[in-house]
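Below: coords_25.txt (compact mmCIF, C-alpha atoms)
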# COMPACT_ATOMS: atom_id res chain seq x y z
CA MET G 750 -8.83 -6.81 -20.82
CA SER G 751 -6.61 -5.78 -23.65
CA THR G 752 -3.36 -4.14 -22.56
CA LYS G 753 -3.13 -2.43 -25.94
CA GLY G 754 -4.10 1.22 -25.84
CA LEU G 755 -6.97 2.73 -23.90
CA LEU G 756 -10.23 3.96 -25.33
CA VAL G 757 -11.83 6.83 -23.45
CA ILE G 758 -15.33 7.93 -24.38
CA LEU G 759 -16.66 11.26 -23.24
CA SER G 760 -20.25 12.45 -23.43
CA GLY G 761 -22.27 15.32 -22.10
CA PRO G 762 -25.33 17.23 -23.16
CA SER G 763 -25.12 20.21 -25.46
CA GLY G 764 -24.15 23.10 -23.19
CA SER G 765 -22.29 20.90 -20.70
CA GLY G 766 -19.08 22.44 -21.97
CA LYS G 767 -17.56 19.15 -23.08
CA ASP G 768 -15.93 20.70 -26.17
CA THR G 769 -14.07 23.35 -24.17
CA VAL G 770 -13.08 20.74 -21.58
CA LEU G 771 -11.72 18.40 -24.24
CA GLU G 772 -9.86 21.19 -25.98
CA GLN G 773 -8.03 21.97 -22.73
CA VAL G 774 -7.44 18.28 -21.96
CA PHE G 775 -5.73 17.85 -25.34
CA LYS G 776 -3.67 20.98 -24.74
CA LYS G 777 -2.56 19.65 -21.36
CA GLU G 778 -1.90 16.09 -22.52
CA PRO G 779 -0.80 16.35 -26.15
CA GLN G 780 0.05 12.65 -26.31
CA LEU G 781 -3.66 11.81 -26.20
CA GLN G 782 -5.09 10.83 -29.56
CA LYS G 783 -8.22 12.75 -30.48
CA SER G 784 -10.80 10.86 -32.44
CA ILE G 785 -12.64 13.12 -34.85
CA SER G 786 -16.32 12.50 -35.41
CA MET G 787 -18.28 12.93 -38.57
CA THR G 788 -21.52 14.89 -38.59
CA THR G 789 -24.15 16.27 -40.90
CA ARG G 790 -25.02 19.19 -38.63
CA GLU G 791 -24.15 22.68 -39.76
CA ILE G 792 -20.73 24.06 -38.98
CA ARG G 793 -20.71 26.72 -36.25
CA GLU G 794 -18.67 29.89 -36.06
CA ASN G 795 -15.14 29.12 -34.79
CA GLU G 796 -15.42 25.48 -35.81
CA VAL G 797 -13.01 24.01 -38.34
CA ASP G 798 -13.80 21.11 -40.64
CA GLY G 799 -11.45 18.20 -39.92
CA ARG G 800 -10.50 19.57 -36.51
CA ASP G 801 -13.80 19.77 -34.63
CA TYR G 802 -15.73 17.37 -36.83
CA TYR G 803 -15.72 16.15 -40.38
CA PHE G 804 -18.71 18.08 -41.66
CA VAL G 805 -20.30 16.02 -44.43
CA SER G 806 -23.54 15.76 -46.36
CA LYS G 807 -26.34 13.43 -45.39
CA GLU G 808 -25.77 11.43 -48.58
CA TYR G 809 -22.06 10.92 -47.88
CA PHE G 810 -22.75 9.91 -44.27
CA GLU G 811 -25.33 7.33 -45.29
CA LYS G 812 -22.92 5.86 -47.81
CA GLN G 813 -20.33 5.38 -45.01
CA ILE G 814 -22.92 3.58 -42.88
CA SER G 815 -23.83 1.24 -45.73
CA ALA G 816 -20.17 0.49 -46.33
CA LYS G 817 -19.85 -0.39 -42.60
CA ASN G 818 -17.07 2.14 -42.21
CA MET G 819 -18.62 3.65 -39.08
CA LEU G 820 -17.92 2.47 -35.54
CA GLU G 821 -21.25 3.94 -34.51
CA SER G 822 -23.61 6.53 -35.76
CA ALA G 823 -26.70 8.08 -34.31
CA VAL G 824 -29.27 10.68 -35.16
CA TYR G 825 -29.42 13.53 -32.72
CA SER G 826 -31.47 16.72 -33.17
CA SER G 827 -32.15 15.57 -36.75
CA ASN G 828 -28.47 15.23 -37.64
CA TYR G 829 -26.13 12.26 -38.04
CA TYR G 830 -23.14 11.94 -35.75
CA GLY G 831 -20.65 9.10 -35.97
CA THR G 832 -17.12 7.77 -35.64
CA PRO G 833 -15.08 6.29 -38.46
CA LYS G 834 -13.90 2.86 -37.21
CA ALA G 835 -10.54 2.18 -38.90
CA PRO G 836 -8.44 4.96 -37.29
CA VAL G 837 -9.63 4.07 -33.76
CA ASP G 838 -8.58 0.44 -34.10
CA LYS G 839 -5.22 1.45 -35.57
CA TRP G 840 -4.48 3.86 -32.71
CA LEU G 841 -5.41 1.28 -30.06
CA GLU G 842 -3.17 -1.28 -31.78
CA ASP G 843 -0.38 1.33 -31.58
CA ASP G 844 -0.93 1.48 -27.79
CA LYS G 845 -2.32 5.00 -27.84
CA THR G 846 -4.93 6.50 -25.55
CA VAL G 847 -7.77 7.45 -27.85
CA VAL G 848 -10.32 9.98 -26.64
CA LEU G 849 -13.67 9.91 -28.35
CA LYS G 850 -16.34 12.53 -27.91
CA ILE G 851 -19.65 10.87 -28.51
CA GLU G 852 -23.40 11.26 -28.08
CA VAL G 853 -25.15 9.15 -25.46
CA GLN G 854 -26.67 6.78 -28.03
CA GLY G 855 -23.28 6.15 -29.63
CA ALA G 856 -21.64 5.56 -26.26
CA GLU G 857 -23.89 2.55 -25.63
CA LYS G 858 -22.72 0.93 -28.85
CA ILE G 859 -19.05 1.65 -28.18
CA ARG G 860 -19.30 0.12 -24.70
CA LYS G 861 -20.56 -3.11 -26.25
CA LEU G 862 -17.83 -3.17 -28.90
CA TYR G 863 -15.01 -2.15 -26.52
CA PRO G 864 -15.96 -3.40 -23.05
CA ASP G 865 -12.59 -2.23 -21.66
CA CYS G 866 -13.22 1.39 -22.58
CA VAL G 867 -13.49 4.07 -19.92
CA SER G 868 -16.50 6.34 -20.10
CA ILE G 869 -16.86 9.83 -18.66
CA PHE G 870 -20.03 11.92 -18.54
CA ILE G 871 -19.69 15.71 -18.27
CA MET G 872 -22.55 17.30 -16.33
CA PRO G 873 -23.50 20.97 -16.32
CA PRO G 874 -23.49 22.25 -12.72
CA SER G 875 -27.25 22.95 -12.88
CA LEU G 876 -30.11 23.27 -15.35
CA LYS G 877 -30.01 27.01 -14.89
CA VAL G 878 -26.38 27.22 -15.95
CA LEU G 879 -27.08 24.85 -18.85
CA GLU G 880 -29.85 27.08 -20.15
CA GLU G 881 -27.68 30.18 -19.78
CA ARG G 882 -24.90 28.51 -21.73
CA LEU G 883 -27.25 27.44 -24.53
CA ARG G 884 -28.73 30.94 -24.77
CA GLY G 885 -25.31 32.59 -24.53
CA ARG G 886 -24.18 30.68 -27.58
CA ASN G 887 -26.52 32.81 -29.70
CA THR G 888 -26.48 30.34 -32.54
CA ASP G 889 -29.76 28.55 -31.97
CA SER G 890 -33.37 29.61 -32.34
CA GLU G 891 -35.64 29.63 -29.27
CA GLU G 892 -37.20 26.42 -30.50
CA ALA G 893 -33.79 24.79 -30.94
CA ILE G 894 -32.76 25.87 -27.44
CA LEU G 895 -35.84 24.29 -25.88
CA MET G 896 -35.28 21.12 -27.88
CA ARG G 897 -31.65 21.00 -26.73
CA LEU G 898 -32.68 21.53 -23.11
CA GLU G 899 -35.17 18.70 -23.30
CA ALA G 900 -32.60 16.49 -25.01
CA ALA G 901 -30.05 17.41 -22.33
CA VAL G 902 -32.27 16.19 -19.52
CA GLY G 903 -32.88 13.00 -21.47
CA GLU G 904 -29.15 12.46 -21.86
CA MET G 905 -28.51 13.06 -18.17
CA GLN G 906 -30.73 10.05 -17.44
CA SER G 907 -27.91 8.00 -18.98
CA ALA G 908 -25.14 9.53 -16.88
CA GLU G 909 -25.21 6.62 -14.42
CA LYS G 910 -24.23 4.19 -17.18
CA TYR G 911 -20.86 5.91 -17.44
CA ASP G 912 -17.87 4.92 -15.32
CA TYR G 913 -17.28 8.48 -14.16
CA ILE G 914 -19.39 11.63 -13.85
CA VAL G 915 -17.72 15.02 -13.63
CA PHE G 916 -19.59 18.27 -13.01
CA ASN G 917 -18.32 21.11 -15.16
CA ASP G 918 -18.33 23.98 -12.73
CA VAL G 919 -14.83 25.48 -12.82
CA LEU G 920 -13.14 24.73 -16.16
CA GLU G 921 -9.60 24.24 -14.82
CA ASP G 922 -10.87 21.83 -12.19
CA VAL G 923 -12.82 19.69 -14.60
CA VAL G 924 -9.88 19.54 -17.00
CA ASP G 925 -7.68 18.34 -14.14
CA ASP G 926 -10.35 15.84 -13.12
CA VAL G 927 -10.64 14.33 -16.59
CA CYS G 928 -6.85 14.11 -16.92
CA SER G 929 -6.65 12.37 -13.53
CA ILE G 930 -9.28 9.85 -14.54
CA ILE G 931 -7.54 9.00 -17.80
CA LYS G 932 -4.19 8.75 -16.06
CA SER G 933 -5.33 6.56 -13.20
CA GLU G 934 -7.15 4.12 -15.48
CA LYS G 935 -3.75 3.03 -16.77
CA PHE G 936 -2.86 1.77 -13.30
CA LYS G 937 -5.83 -0.58 -13.05
CA SER G 938 -4.36 -3.86 -11.88
CA LEU G 939 -5.78 -5.72 -14.87
CA ARG G 940 -3.61 -3.52 -17.05
CA MET G 941 -0.53 -3.84 -14.85
CA LYS G 942 -0.58 -7.49 -13.84
CA ASN G 943 1.67 -8.67 -16.66
CA LYS G 944 4.32 -6.19 -15.61
CA VAL G 945 4.12 -7.53 -12.05
CA ARG G 946 4.40 -11.13 -13.26
CA GLU G 947 7.51 -10.13 -15.20
CA VAL G 948 9.17 -8.91 -11.98
CA ILE G 949 8.16 -11.97 -9.94
CA LYS G 950 9.38 -14.33 -12.66
CA ASN G 951 12.95 -13.23 -12.01
CA ALA G 952 12.81 -14.10 -8.31
CA MET Q 685 -21.81 2.00 -2.31
CA SER Q 686 -21.67 4.43 0.56
CA THR Q 687 -21.29 8.03 -0.47
CA LYS Q 688 -19.82 8.82 2.91
CA GLY Q 689 -16.05 9.27 2.81
CA LEU Q 690 -13.61 7.16 0.87
CA LEU Q 691 -11.31 4.53 2.30
CA VAL Q 692 -8.03 4.09 0.44
CA ILE Q 693 -5.77 1.21 1.35
CA LEU Q 694 -2.18 1.17 0.24
CA SER Q 695 0.22 -1.74 0.41
CA GLY Q 696 3.63 -2.58 -0.91
CA PRO Q 697 6.50 -4.78 0.16
CA SER Q 698 9.20 -3.54 2.47
CA GLY Q 699 11.57 -1.57 0.23
CA SER Q 700 8.86 -0.61 -2.27
CA GLY Q 701 9.16 2.94 -0.96
CA LYS Q 702 5.53 3.15 0.14
CA ASP Q 703 6.37 5.19 3.24
CA THR Q 704 8.19 7.90 1.27
CA VAL Q 705 5.42 7.93 -1.33
CA LEU Q 706 2.74 8.34 1.32
CA GLU Q 707 4.67 11.05 3.10
CA GLN Q 708 4.75 13.08 -0.15
CA VAL Q 709 1.10 12.31 -0.93
CA PHE Q 710 0.04 13.72 2.45
CA LYS Q 711 2.25 16.77 1.88
CA LYS Q 712 0.62 17.36 -1.51
CA GLU Q 713 -2.94 16.69 -0.36
CA PRO Q 714 -3.09 17.77 3.27
CA GLN Q 715 -6.87 17.25 3.42
CA LEU Q 716 -6.32 13.48 3.27
CA GLN Q 717 -6.75 11.76 6.60
CA LYS Q 718 -3.84 9.52 7.53
CA SER Q 719 -4.68 6.42 9.46
CA ILE Q 720 -1.94 5.50 11.87
CA SER Q 721 -1.19 1.85 12.41
CA MET Q 722 -0.10 0.14 15.54
CA THR Q 723 2.88 -2.19 15.54
CA THR Q 724 5.10 -4.18 17.85
CA ARG Q 725 8.15 -3.91 15.62
CA GLU Q 726 11.12 -1.86 16.77
CA ILE Q 727 11.15 1.84 16.02
CA ARG Q 728 13.66 2.84 13.31
CA GLU Q 729 15.88 5.89 13.16
CA ASN Q 730 13.89 8.91 11.93
CA GLU Q 731 10.59 7.32 12.93
CA VAL Q 732 8.36 9.04 15.44
CA ASP Q 733 5.92 7.24 17.72
CA GLY Q 734 2.36 8.39 16.99
CA ARG Q 735 3.31 9.79 13.59
CA ASP Q 736 4.70 6.80 11.70
CA TYR Q 737 3.14 4.13 13.88
CA TYR Q 738 1.97 3.66 17.41
CA PHE Q 739 4.85 1.54 18.69
CA VAL Q 740 3.48 -0.70 21.41
CA SER Q 741 4.39 -3.83 23.32
CA LYS Q 742 3.21 -7.26 22.31
CA GLU Q 743 1.15 -7.47 25.47
CA TYR Q 744 -0.66 -4.19 24.80
CA PHE Q 745 -1.36 -5.16 21.19
CA GLU Q 746 -2.82 -8.51 22.18
CA LYS Q 747 -5.08 -6.80 24.70
CA GLN Q 748 -6.45 -4.54 21.94
CA ILE Q 749 -7.19 -7.58 19.76
CA SER Q 750 -9.06 -9.29 22.58
CA ALA Q 751 -11.08 -6.13 23.20
CA LYS Q 752 -12.00 -6.14 19.48
CA ASN Q 753 -10.62 -2.62 19.12
CA MET Q 754 -8.65 -3.52 16.00
CA LEU Q 755 -9.99 -3.28 12.45
CA GLU Q 756 -7.43 -5.82 11.42
CA SER Q 757 -4.15 -7.13 12.66
CA ALA Q 758 -1.59 -9.44 11.21
CA VAL Q 759 1.76 -10.92 12.05
CA TYR Q 760 4.50 -9.99 9.64
CA SER Q 761 8.19 -10.77 10.09
CA SER Q 762 7.35 -11.87 13.67
CA ASN Q 763 5.71 -8.55 14.57
CA TYR Q 764 2.11 -7.44 14.96
CA TYR Q 765 0.74 -4.73 12.69
CA GLY Q 766 -2.81 -3.43 12.90
CA THR Q 767 -5.31 -0.62 12.60
CA PRO Q 768 -7.45 0.73 15.42
CA LYS Q 769 -11.07 0.62 14.16
CA ALA Q 770 -12.91 3.50 15.85
CA PRO Q 771 -11.06 6.46 14.28
CA VAL Q 772 -11.45 5.07 10.73
CA ASP Q 773 -15.22 4.75 11.06
CA LYS Q 774 -15.47 8.22 12.56
CA TRP Q 775 -13.49 9.81 9.70
CA LEU Q 776 -15.56 8.05 7.05
CA GLU Q 777 -18.74 9.20 8.75
CA ASP Q 778 -17.30 12.74 8.57
CA ASP Q 779 -16.96 12.30 4.79
CA LYS Q 780 -13.17 12.27 4.86
CA THR Q 781 -10.82 10.39 2.57
CA VAL Q 782 -8.92 8.07 4.86
CA VAL Q 783 -5.65 6.61 3.66
CA LEU Q 784 -4.54 3.45 5.35
CA LYS Q 785 -1.11 1.88 4.91
CA ILE Q 786 -1.48 -1.80 5.49
CA GLU Q 787 0.21 -5.15 5.04
CA VAL Q 788 -1.11 -7.53 2.39
CA GLN Q 789 -2.79 -9.79 4.94
CA GLY Q 790 -4.59 -6.90 6.55
CA ALA Q 791 -5.73 -5.54 3.18
CA GLU Q 792 -7.72 -8.71 2.53
CA LYS Q 793 -9.65 -8.22 5.73
CA ILE Q 794 -10.30 -4.53 5.08
CA ARG Q 795 -11.62 -5.29 1.59
CA LYS Q 796 -14.19 -7.63 3.12
CA LEU Q 797 -15.24 -5.12 5.78
CA TYR Q 798 -15.29 -2.10 3.42
CA PRO Q 799 -16.09 -3.42 -0.07
CA ASP Q 800 -16.20 0.15 -1.44
CA CYS Q 801 -12.62 0.85 -0.49
CA VAL Q 802 -10.01 1.58 -3.12
CA SER Q 803 -6.81 -0.42 -2.95
CA ILE Q 804 -3.41 0.52 -4.36
CA PHE Q 805 -0.33 -1.69 -4.48
CA ILE Q 806 3.09 -0.03 -4.72
CA MET Q 807 5.61 -2.12 -6.65
CA PRO Q 808 9.37 -1.69 -6.64
CA PRO Q 809 10.59 -1.18 -10.23
CA SER Q 810 12.59 -4.45 -10.08
CA LEU Q 811 13.88 -7.03 -7.63
CA LYS Q 812 17.37 -5.59 -8.05
CA VAL Q 813 16.23 -2.14 -6.98
CA LEU Q 814 14.25 -3.66 -4.11
CA GLU Q 815 17.35 -5.47 -2.81
CA GLU Q 816 19.46 -2.32 -3.14
CA ARG Q 817 16.89 -0.35 -1.18
CA LEU Q 818 16.71 -2.94 1.58
CA ARG Q 819 20.50 -3.07 1.83
CA GLY Q 820 20.83 0.71 1.65
CA ARG Q 821 18.62 1.04 4.67
CA ASN Q 822 21.45 -0.40 6.82
CA THR Q 823 19.08 -1.25 9.61
CA ASP Q 824 18.62 -4.94 9.03
CA SER Q 825 20.91 -7.93 9.38
CA GLU Q 826 21.72 -10.01 6.29
CA GLU Q 827 19.30 -12.63 7.50
CA ALA Q 828 16.56 -10.03 7.95
CA ILE Q 829 17.21 -8.66 4.46
CA LEU Q 830 16.86 -12.09 2.87
CA MET Q 831 13.69 -12.72 4.87
CA ARG Q 832 12.28 -9.38 3.72
CA LEU Q 833 13.16 -10.11 0.10
CA GLU Q 834 11.40 -13.44 0.25
CA ALA Q 835 8.42 -11.87 1.97
CA ALA Q 836 8.37 -9.12 -0.68
CA VAL Q 837 8.04 -11.59 -3.53
CA GLY Q 838 5.27 -13.34 -1.60
CA GLU Q 839 3.42 -10.06 -1.20
CA MET Q 840 3.77 -9.20 -4.89
CA GLN Q 841 1.77 -12.33 -5.64
CA SER Q 842 -1.17 -10.47 -4.11
CA ALA Q 843 -0.73 -7.30 -6.20
CA GLU Q 844 -3.40 -8.40 -8.67
CA LYS Q 845 -6.03 -8.38 -5.93
CA TYR Q 846 -5.63 -4.61 -5.61
CA ASP Q 847 -7.62 -2.16 -7.75
CA TYR Q 848 -4.51 -0.33 -8.87
CA ILE Q 849 -0.82 -1.17 -9.16
CA VAL Q 850 1.77 1.61 -9.35
CA PHE Q 851 5.48 1.04 -9.96
CA ASN Q 852 7.68 3.20 -7.78
CA ASP Q 853 10.39 4.25 -10.19
CA VAL Q 854 10.51 8.05 -10.07
CA LEU Q 855 9.19 9.34 -6.72
CA GLU Q 856 7.46 12.47 -8.05
CA ASP Q 857 5.67 10.44 -10.69
CA VAL Q 858 4.38 7.83 -8.32
CA VAL Q 859 3.17 10.52 -5.89
CA ASP Q 860 1.26 12.15 -8.76
CA ASP Q 861 -0.10 8.77 -9.81
CA VAL Q 862 -1.43 7.94 -6.35
CA CYS Q 863 -2.99 11.40 -6.02
CA SER Q 864 -4.67 11.00 -9.41
CA ILE Q 865 -6.09 7.62 -8.44
CA ILE Q 866 -7.53 8.93 -5.17
CA LYS Q 867 -8.95 11.98 -6.90
CA SER Q 868 -10.57 10.15 -9.78
CA GLU Q 869 -12.21 7.56 -7.54
CA LYS Q 870 -14.44 10.32 -6.24
CA PHE Q 871 -15.92 10.74 -9.70
CA LYS Q 872 -17.05 7.13 -9.99
CA SER Q 873 -20.62 7.33 -11.18
CA LEU Q 874 -21.87 5.32 -8.22
CA ARG Q 875 -20.61 8.11 -5.99
CA MET Q 876 -21.99 10.88 -8.19
CA LYS Q 877 -25.38 9.55 -9.22
CA ASN Q 878 -27.30 11.19 -6.40
CA LYS Q 879 -25.92 14.58 -7.42
CA VAL Q 880 -27.10 13.93 -11.00
CA ARG Q 881 -30.56 12.89 -9.81
CA GLU Q 882 -30.73 16.13 -7.85
CA VAL Q 883 -30.20 18.15 -11.05
CA ILE Q 884 -32.69 16.14 -13.12
CA LYS Q 885 -35.34 16.40 -10.39
CA ASN Q 886 -35.58 20.13 -11.03
CA ALA Q 887 -36.33 19.72 -14.75
Translate the structure described by the file into structure tokens.
Amino acid sequence: MSTKGLLVILSGPSGSGKDTVLEQVFKKEPQLQKSISMTTREIRENEVDGRDYYFVSKEYFEKQISAKNMLESAVYSSNYYGTPKAPVDKWLEDDKTVVLKIEVQGAEKIRKLYPDCVSIFIMPPSLKVLEERLRGRNTDSEEAILMRLEAAVGEMQSAEKYDYIVFNDVLEDVVDDVCSIIKSEKFKSLRMKNKVREVIKNA
Amino acid sequence: MSTKGLLVILSGPSGSGKDTVLEQVFKKEPQLQKSISMTTREIRENEVDGRDYYFVSKEYFEKQISAKNMLESAVYSSNYYGTPKAPVDKWLEDDKTVVLKIEVQGAEKIRKLYPDCVSIFIMPPSLKVLEERLRGRNTDSEEAILMRLEAAVGEMQSAEKYDYIVFNDVLEDVVDDVCSIIKSEKFKSLRMKNKVREVIKNA
């Protein structure tokens, strides 16, 4: 296990509230390094290009894939999502904790590339709440909502592959939970053993 | 992995400050169930029988071992230390989080009996600080201090066998760290997967 940096990947179906959770996590722990994804999906109200995602054209995205500049990329609800590779590696080398929001398909690839990463799956408390949240968003057509619901259930089938699963019921609680998980991972003995050896050496 | 309760074992050499840390952890998280050990060592100033340990005679302790009433027991600095088994199993069955302070030798046995337990090793920040703490205690003879120091280094060799290692530098920090570790363990996907399946089932 590398003792350099810590890569945290976070997934959750559309409507699980992962964006709000992450926003609060970054507010609470400003030293965390946010990895910004690239997508070809349309920008939503309240979203900012370069803060929430890099919103790019399909052509530009495909050029980045060809140039092997992407850590992973996946198609989800007919749009590309992906993570530029270079900044992640640089941050890890600089011993930072990098938090990466990622779709379920992308998470599988990241786990293979970075086996020491920590993965967290955000679950909606129930399907009923999930549907309410998707409808409350008022940005999607009925057809899109049903597609997202179906996709959500599909993604939940992958929850068990993650290291941790957190149910997003009360926002403050889930923010605390995610912060605790990230914090405690740093105390894993594989990450600390060199520090212990350093102390013993002086005996 | 059993979804019933969570067993947390915590070790650390004499002078690592594990008792003070645990005291604050229980103050902060009063729902945690403290497991009280039994020992034949002499009671120290400020210690209370039945709160810090059950202080018993060598004869009584040996009778408990013979009756197989002990989860584990070990000899450390010429004294017996051990954990009565029945209450731990009862608390776990009641879905409680049981925190067990235990010597390094005992921890090995517990890990075999309860493979799902979570183990935390408390490290002193340095050998210098450890020696200062042992001397500051003013309860031990010079010979006892040197024996404890030697034993401490021996115990630190086992730190890597624990799931987590936390350095006890600033008390508040280490209390927070231990609480975070205990909290986040409950979100391990093996413990949460049944809850996820419950949600998916209704789709």
Practice task
Do a neighbour search on Ile814 in chain G at 12 Å with all atoms listed in the file, toss out local chain neighbours closer than 2 positions, and write the hits as a ChimeraX atom specification.
Solution key: /G:787,807-812,816-823,829-834
Problem - Residue among Q:Lys877, Q:Lys867, Q:Lys688, Q:Lys793 lying closest to Gln715 in chain Q, counting all atoms listed in the file - result: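 Residue with the minimum atom-to-atom distance to Gln715 in chain Q: Q:Lys867.
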Exercise for the section: Would you kindly report the residues of chain G within 10 Å of chain Q, using only C-alpha atoms, as JSON, numbers by chain? Expected result: {"G": [868, 869, 870, 872, 873, 874, 875, 876, 877, 898, 899, 901, 902, 903, 905, 906, 907, 908, 909, 910, 911, 912, 913, 914, 915, 916, 925, 926, 927, 928, 929, 930, 931, 932, 933, 934, 935, 936, 937, 938, 939, 940, 941, 942, 943, 944, 945, 946, 947, 948, 949, 950, 951, 952]}
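Across the structure, CA of Leu883 in chain G and CA of Arg790 in chain G are spaced 16.5 Å apart.
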Exercise for the section: Using CA of Lys783 in chain G and CA of Ser760 in chain G as the two end points, give the distance in Å to one decimal. Expected result: 13.9 Å
Handout entry: Residue among G:Asp918, G:Thr769, G:Glu791, G:Leu755 lying closest to Tyr863 in chain G, counting all atoms listed in the file
Key =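 That would be G:Leu755, the residue with the smallest distance to Tyr863 in chain G.
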Exercise for the section: Just give me the gap between CA of Thr788 in chain G and CA of Tyr802 in chain G in Å, one decimal is fine. Expected result: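 Straight-line distance from CA of Thr788 in chain G to CA of Tyr802 in chain G works out to 6.5 Å.
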Handout entry: Exercise: residues within 8 Å of coordinate (0.2, -6.8, 4.7), counting all atoms listed in the file, as a list in words
Key = Ser695, Gly696, Ala758, Tyr760, Ile786, Glu787, Val788, Gln789, Gly790, Ala791 and Glu839 of chain Q
Include C-alpha atoms and write out the residues we just selected as an mmCIF file, in the frame of the given file.
data_model
loop_
_atom_site.group_PDB
_atom_site.id
_atom_site.type_symbol
_atom_site.label_atom_id
_atom_site.label_comp_id
_atom_site.auth_asym_id
_atom_site.auth_seq_id
_atom_site.Cartn_x
_atom_site.Cartn_y
_atom_site.Cartn_z
ATOM 1 C CA SER Q 695 0.220 -1.740 0.410
ATOM 2 C CA GLY Q 696 3.630 -2.580 -0.910
ATOM 3 C CA ALA Q 758 -1.590 -9.440 11.210
ATOM 4 C CA TYR Q 760 4.500 -9.990 9.640
ATOM 5 C CA ILE Q 786 -1.480 -1.800 5.490
ATOM 6 C CA GLU Q 787 0.210 -5.150 5.040
ATOM 7 C CA VAL Q 788 -1.110 -7.530 2.390
ATOM 8 C CA GLN Q 789 -2.790 -9.790 4.940
ATOM 9 C CA GLY Q 790 -4.590 -6.900 6.550
ATOM 10 C CA ALA Q 791 -5.730 -5.540 3.180
ATOM 11 C CA GLU Q 839 3.420 -10.060 -1.200
#
Practice task
Compute the distance from (-13.3, 4.8, 14.1) to each atom, counting all atoms listed in the file, keep the residues with any atom at most 12 Å away, and return them as an NGL selection string; use the coordinates of the file.
Solution key: :Q and (691 or 719-720 or 753-755 or 767-778 or 780 or 782)
